[in-house]
$ cat my_file01.txt   # compact mmCIF, C-alpha atoms and all ligand atoms
# COMPACT_ATOMS: atom_id res chain seq x y z
CA MET U 1 110.10 114.69 183.02
CA ARG U 2 106.57 113.80 184.13
CA SER U 3 103.90 111.88 182.29
CA ILE U 4 100.86 113.75 180.98
CA GLU U 5 98.76 111.78 183.49
CA GLU U 6 100.83 113.23 186.34
CA VAL U 7 100.32 116.74 185.00
CA GLU U 8 96.59 116.06 184.74
CA ALA U 9 96.52 115.02 188.40
CA ASP U 10 98.62 117.95 189.60
CA GLN U 11 96.42 119.96 191.97
CA SER U 12 99.05 122.71 192.23
CA ILE U 13 98.48 123.65 188.57
CA SER U 14 94.78 124.09 189.33
CA ASP U 15 95.50 126.12 192.44
CA PHE U 16 97.97 128.38 190.65
CA SER U 17 95.54 128.90 187.76
CA ALA U 18 92.76 129.88 190.16
CA GLU U 19 94.99 132.51 191.72
CA TYR U 20 96.44 133.67 188.40
CA SER U 21 92.98 134.15 186.83
CA LYS U 22 91.23 135.55 189.89
CA GLY U 23 88.73 138.23 188.96
CA LEU U 24 88.75 137.45 185.24
CA PRO U 25 85.41 136.63 183.55
CA GLY U 26 84.98 132.86 183.42
CA ALA U 27 87.58 132.20 186.11
CA GLY U 28 86.91 129.67 188.83
CA PRO U 29 88.49 127.53 191.55
CA ILE U 30 88.93 124.29 189.55
CA ASN U 31 91.41 124.37 186.66
CA MET U 32 92.82 120.90 186.06
CA PHE U 33 94.93 120.29 182.98
CA SER U 34 93.06 118.01 180.55
CA TYR U 35 94.21 116.13 177.47
CA VAL U 36 91.57 114.08 175.67
CA LYS U 37 93.13 112.26 172.77
CA HIS U 38 91.28 111.72 169.49
CA GLY U 39 89.34 108.47 169.58
CA THR U 40 89.76 107.78 173.30
CA THR U 41 86.36 108.95 174.50
CA PRO U 42 83.25 107.44 172.96
CA TYR U 43 80.18 109.06 171.47
CA GLY U 44 77.12 108.38 173.59
CA ASP U 45 73.50 109.29 173.96
CA ARG U 46 73.86 111.22 177.21
CA GLY U 47 72.81 114.56 175.81
CA LEU U 48 69.79 116.78 175.36
CA ARG U 49 68.51 115.22 172.11
CA ASP U 50 68.00 111.53 171.31
CA PHE U 51 68.63 112.11 167.58
CA PHE U 52 72.20 113.23 168.27
CA LEU U 53 75.28 111.57 169.76
CA TYR U 54 77.61 113.43 172.09
CA ARG U 55 81.32 113.14 172.80
CA ASP U 56 82.56 114.91 175.90
CA LEU U 57 85.99 116.54 175.54
CA GLY U 58 86.91 116.64 179.20
CA VAL U 59 86.56 120.37 179.80
CA ALA U 60 83.55 120.09 182.11
CA LYS U 61 85.50 117.94 184.54
CA ALA U 62 88.66 120.03 184.19
CA THR U 63 86.79 123.25 184.99
CA GLY U 64 84.59 121.90 187.78
CA GLY U 65 81.41 122.37 185.75
CA ARG U 66 82.13 125.89 184.49
CA ILE U 67 82.45 125.08 180.81
CA LEU U 68 81.03 122.31 178.64
CA CYS U 69 82.87 121.44 175.45
CA HIS U 70 81.51 118.55 173.44
CA LEU U 71 81.05 117.24 169.93
CA VAL U 72 77.51 116.70 168.71
CA LYS U 73 76.80 114.57 165.67
CA ALA U 74 73.73 113.39 163.78
CA ASN U 75 72.43 109.97 164.75
CA MET U 76 68.95 109.90 163.19
CA ALA U 77 67.37 111.77 160.31
CA PRO U 78 65.66 115.04 161.24
CA GLU U 79 61.98 114.68 161.98
CA TYR U 80 60.74 117.52 164.13
CA GLY U 81 64.08 118.97 165.18
CA THR U 82 64.61 120.58 168.53
CA GLY U 83 61.49 122.69 168.72
CA TRP U 84 61.64 126.36 169.72
CA HIS U 85 63.69 126.79 172.87
CA ARG U 86 66.27 128.83 174.71
CA HIS U 87 68.96 127.92 177.23
CA GLN U 88 69.80 129.49 180.57
CA LEU U 89 73.47 129.86 179.68
CA GLY U 90 75.98 132.63 180.11
CA PHE U 91 77.94 131.64 177.01
CA HIS U 92 77.12 129.45 174.01
CA ILE U 93 78.81 128.87 170.65
CA VAL U 94 78.46 126.29 167.91
CA TYR U 95 81.26 125.56 165.43
CA MET U 96 80.39 123.26 162.51
CA VAL U 97 83.10 120.61 162.08
CA SER U 98 81.47 118.73 159.19
CA GLY U 99 78.23 118.72 157.23
CA TRP U 100 75.63 121.36 157.87
CA ALA U 101 72.65 122.27 160.01
CA LYS U 102 69.82 124.71 159.55
CA PHE U 103 68.75 126.80 162.49
CA MET U 104 66.18 129.45 163.10
CA TYR U 105 67.63 132.22 165.24
CA SER U 106 64.76 134.46 166.25
CA ASN U 107 62.90 134.56 162.92
CA ALA U 108 65.92 134.18 160.61
CA SER U 109 66.86 130.90 158.92
CA VAL U 110 70.60 130.23 158.92
CA HIS U 111 72.42 127.48 157.02
CA VAL U 112 75.43 126.75 159.21
CA GLY U 113 78.05 124.99 157.12
CA GLN U 114 81.44 123.42 157.74
CA GLY U 115 83.80 125.94 159.30
CA ASP U 116 81.01 128.31 160.36
CA CYS U 117 80.76 129.56 163.92
CA VAL U 118 77.67 130.92 165.68
CA TYR U 119 77.66 132.81 168.95
CA MET U 120 74.26 132.64 170.59
CA PRO U 121 73.51 135.50 172.96
CA PRO U 122 72.00 134.23 176.21
CA GLY U 123 68.27 133.66 175.91
CA ILE U 124 67.93 133.89 172.14
CA SER U 125 65.03 131.78 170.81
CA HIS U 126 66.21 129.18 168.33
CA TYR U 127 65.27 125.94 166.59
CA LEU U 128 67.58 123.41 164.93
CA TYR U 129 65.24 121.97 162.28
CA ASP U 130 67.43 120.26 159.65
CA TYR U 131 70.87 118.68 159.34
CA SER U 132 72.93 116.48 157.04
CA PRO U 133 73.78 112.84 157.84
CA ASP U 134 77.44 113.85 158.35
CA MET U 135 76.66 116.85 160.57
CA GLU U 136 79.01 117.29 163.49
CA PHE U 137 79.51 120.42 165.52
CA LEU U 138 81.60 121.51 168.45
CA GLU U 139 79.50 123.15 171.15
CA ILE U 140 80.88 125.22 174.00
CA GLU U 141 78.60 126.34 176.79
CA SER U 142 78.88 127.79 180.24
CA PRO U 143 77.90 126.56 182.73
CA VAL U 144 77.69 122.80 182.17
CA GLU U 145 74.37 122.34 183.95
CA SER U 146 71.69 124.53 182.47
CA LEU U 147 67.96 124.74 181.97
CA THR U 148 66.42 124.54 178.51
CA GLU U 149 63.02 126.17 178.17
CA ASP U 150 60.44 125.81 175.42
CA VAL U 151 59.42 129.16 173.98
CA GLU U 152 56.64 130.47 171.75
CA PRO U 153 57.28 129.95 168.02
CA CYS U 154 58.77 132.94 166.24
CA CYS U 155 57.64 131.76 162.79
CA ASP U 156 56.86 128.65 160.70
CA ILE U 157 59.61 126.08 160.16
CA PRO U 158 60.57 124.69 156.72
CA HIS U 159 60.42 120.92 156.24
CA PRO U 160 63.68 119.02 156.83
CA THR U 161 65.61 117.48 153.94
CA PRO U 162 65.15 113.67 153.74
CA TRP U 163 68.35 111.67 154.14
CA PRO U 164 69.44 109.60 151.10
CA ASN U 165 68.48 106.30 152.76
CA GLN U 166 64.96 107.48 153.57
CA ALA U 167 62.07 106.31 151.40
FE FE J 201 69.65 125.02 171.63

$ encode --input "my_file01.txt" --output "structure tokens" --more "lines below"
Ligand SMILES: [Fe+2]
Amino acid sequence: MRSIEEVEADQSISDFSAEYSKGLPGAGPINMFSYVKHGTTPYGDRGLRDFFLYRDLGVAKATGGRILCHLVKANMAPEYGTGWHRHQLGFHIVYMVSGWAKFMYSNASVHVGQGDCVYMPPGISHYLYDYSPDMEFLEIESPVESLTEDVEPCCDIPHPTPWPNQA
């Protein structure tokens, strides 16, 4: 029997997977097995927003940059939120692990609560404007490297909810 580290380093698994999935949407040449154990990778500030912390789950490396899978959690109270923007992505979902966040999608306000999942069609204008102190969501995007563009506002944004420790 091999160790999980040996399986992770096994290039033949990647090669077989590339051949096996050839022609399927989302397929690609790099397909390393990845196992990221709970608590072994840290949260850090290497993400799009300085008011969030990000924990990479290893999928970007395992897929050679095809798919990003990370956890995003609140780090500072909401002030101005993300602003109106859109991403040059082919695929984008958010799954709320804990707490809640309020988004504008086009001109609709959506309270995304624990257990909720949002699929964002490529190019949709959106704005994350409020979130709870315990907010944490899983975000899956493809590809890993993408452009985020500011867009014209679709409508006015409600004020964020102060956190309990705020004056
Ligand atoms: Fe976004």

$ residues_near_point --input "my_file01.txt" --point "(89.3, 112.1, 190.1)" --cutoff "12 Å" --atoms "all atoms listed in the file" --output "mmCIF file with C-alpha atoms, in the frame of the given file"
data_model
loop_
_atom_site.group_PDB
_atom_site.id
_atom_site.type_symbol
_atom_site.label_atom_id
_atom_site.label_comp_id
_atom_site.auth_asym_id
_atom_site.auth_seq_id
_atom_site.Cartn_x
_atom_site.Cartn_y
_atom_site.Cartn_z
ATOM 1 C CA GLU U 5 98.760 111.780 183.490
ATOM 2 C CA GLU U 8 96.590 116.060 184.740
ATOM 3 C CA ALA U 9 96.520 115.020 188.400
ATOM 4 C CA ASP U 10 98.620 117.950 189.600
ATOM 5 C CA GLN U 11 96.420 119.960 191.970
ATOM 6 C CA MET U 32 92.820 120.900 186.060
ATOM 7 C CA SER U 34 93.060 118.010 180.550
ATOM 8 C CA LYS U 61 85.500 117.940 184.540
ATOM 9 C CA ALA U 62 88.660 120.030 184.190
ATOM 10 C CA GLY U 64 84.590 121.900 187.780
#

$ residues_near_ligand --input "my_file01.txt" --ligand "ligand FE 201 (chain J)" --cutoff "8 Å" --atoms "all atoms listed in the file" --output "list in words"
Thr82, His85, Arg86, His87, His126, Tyr127, Leu128 and Thr148 of chain U

$ residues_around --input "my_file01.txt" --residues "Met104 of chain U" --least-positions-apart "3" --cutoff "10 Å" --atoms "all atoms listed in the file" --output "PDB file with C-alpha atoms, in the frame of the given file"
ATOM      1  CA  GLY U  83      61.490 122.690 168.720  1.00  0.00           C
ATOM      2  CA  TRP U  84      61.640 126.360 169.720  1.00  0.00           C
ATOM      3  CA  ASN U 107      62.900 134.560 162.920  1.00  0.00           C
ATOM      4  CA  ALA U 108      65.920 134.180 160.610  1.00  0.00           C
ATOM      5  CA  SER U 109      66.860 130.900 158.920  1.00  0.00           C
ATOM      6  CA  VAL U 110      70.600 130.230 158.920  1.00  0.00           C
ATOM      7  CA  HIS U 111      72.420 127.480 157.020  1.00  0.00           C
ATOM      8  CA  SER U 125      65.030 131.780 170.810  1.00  0.00           C
ATOM      9  CA  HIS U 126      66.210 129.180 168.330  1.00  0.00           C
ATOM     10  CA  TYR U 127      65.270 125.940 166.590  1.00  0.00           C
ATOM     11  CA  LEU U 128      67.580 123.410 164.930  1.00  0.00           C
ATOM     12  CA  TYR U 129      65.240 121.970 162.280  1.00  0.00           C
ATOM     13  CA  ASP U 130      67.430 120.260 159.650  1.00  0.00           C
ATOM     14  CA  CYS U 154      58.770 132.940 166.240  1.00  0.00           C
ATOM     15  CA  CYS U 155      57.640 131.760 162.790  1.00  0.00           C
ATOM     16  CA  ASP U 156      56.860 128.650 160.700  1.00  0.00           C
ATOM     17  CA  ILE U 157      59.610 126.080 160.160  1.00  0.00           C
ATOM     18  CA  PRO U 158      60.570 124.690 156.720  1.00  0.00           C
TER      19      PRO U 158
END

$ atom_distance --input "my_file01.txt" --atom1 "atom CA of Ile4 of chain U" --atom2 "atom CA of Ala60 of chain U"
18.5 Å

$ residues_around --input "my_file01.txt" --residues "Trp163 of chain U" --least-positions-apart "6" --cutoff "12 Å" --atoms "only C-alpha atoms" --output "CSV table (one decimal) with C-alpha atoms, in the coordinates of the input"
chain,number,residue,atom,x,y,z
U,74,ALA,CA,73.7,113.4,163.8
U,75,ASN,CA,72.4,110.0,164.8
U,76,MET,CA,69.0,109.9,163.2
U,77,ALA,CA,67.4,111.8,160.3
U,78,PRO,CA,65.7,115.0,161.2
U,79,GLU,CA,62.0,114.7,162.0
U,130,ASP,CA,67.4,120.3,159.6
U,131,TYR,CA,70.9,118.7,159.3
U,132,SER,CA,72.9,116.5,157.0
U,133,PRO,CA,73.8,112.8,157.8
U,134,ASP,CA,77.4,113.8,158.4
U,135,MET,CA,76.7,116.8,160.6

$ atom_distance --input "my_file01.txt" --atom1 "atom CA of Val7 of chain U" --atom2 "atom CA of Val72 of chain U"
28.0 Å

$ atom_distance --input "my_file01.txt" --atom1 "atom CA of Cys69 of chain U" --atom2 "atom CA of Glu19 of chain U"
23.1 Å

$ closest_residue --input "my_file01.txt" --among "U:Ser12, U:Lys37, U:Met1, U:Tyr80" --to "Arg49 of chain U" --atoms "all atoms listed in the file"
U:Tyr80

$ closest_residue --input "my_file01.txt" --among "U:Gln88, U:Ser3, U:Thr41, U:Thr63" --to "Ser17 of chain U" --atoms "all atoms listed in the file"
U:Thr63

$ closest_residue --input "my_file01.txt" --among "U:Gly23, U:Leu48, U:Gly123, U:Gly58" --to "Tyr35 of chain U" --atoms "only C-alpha atoms"
U:Gly58
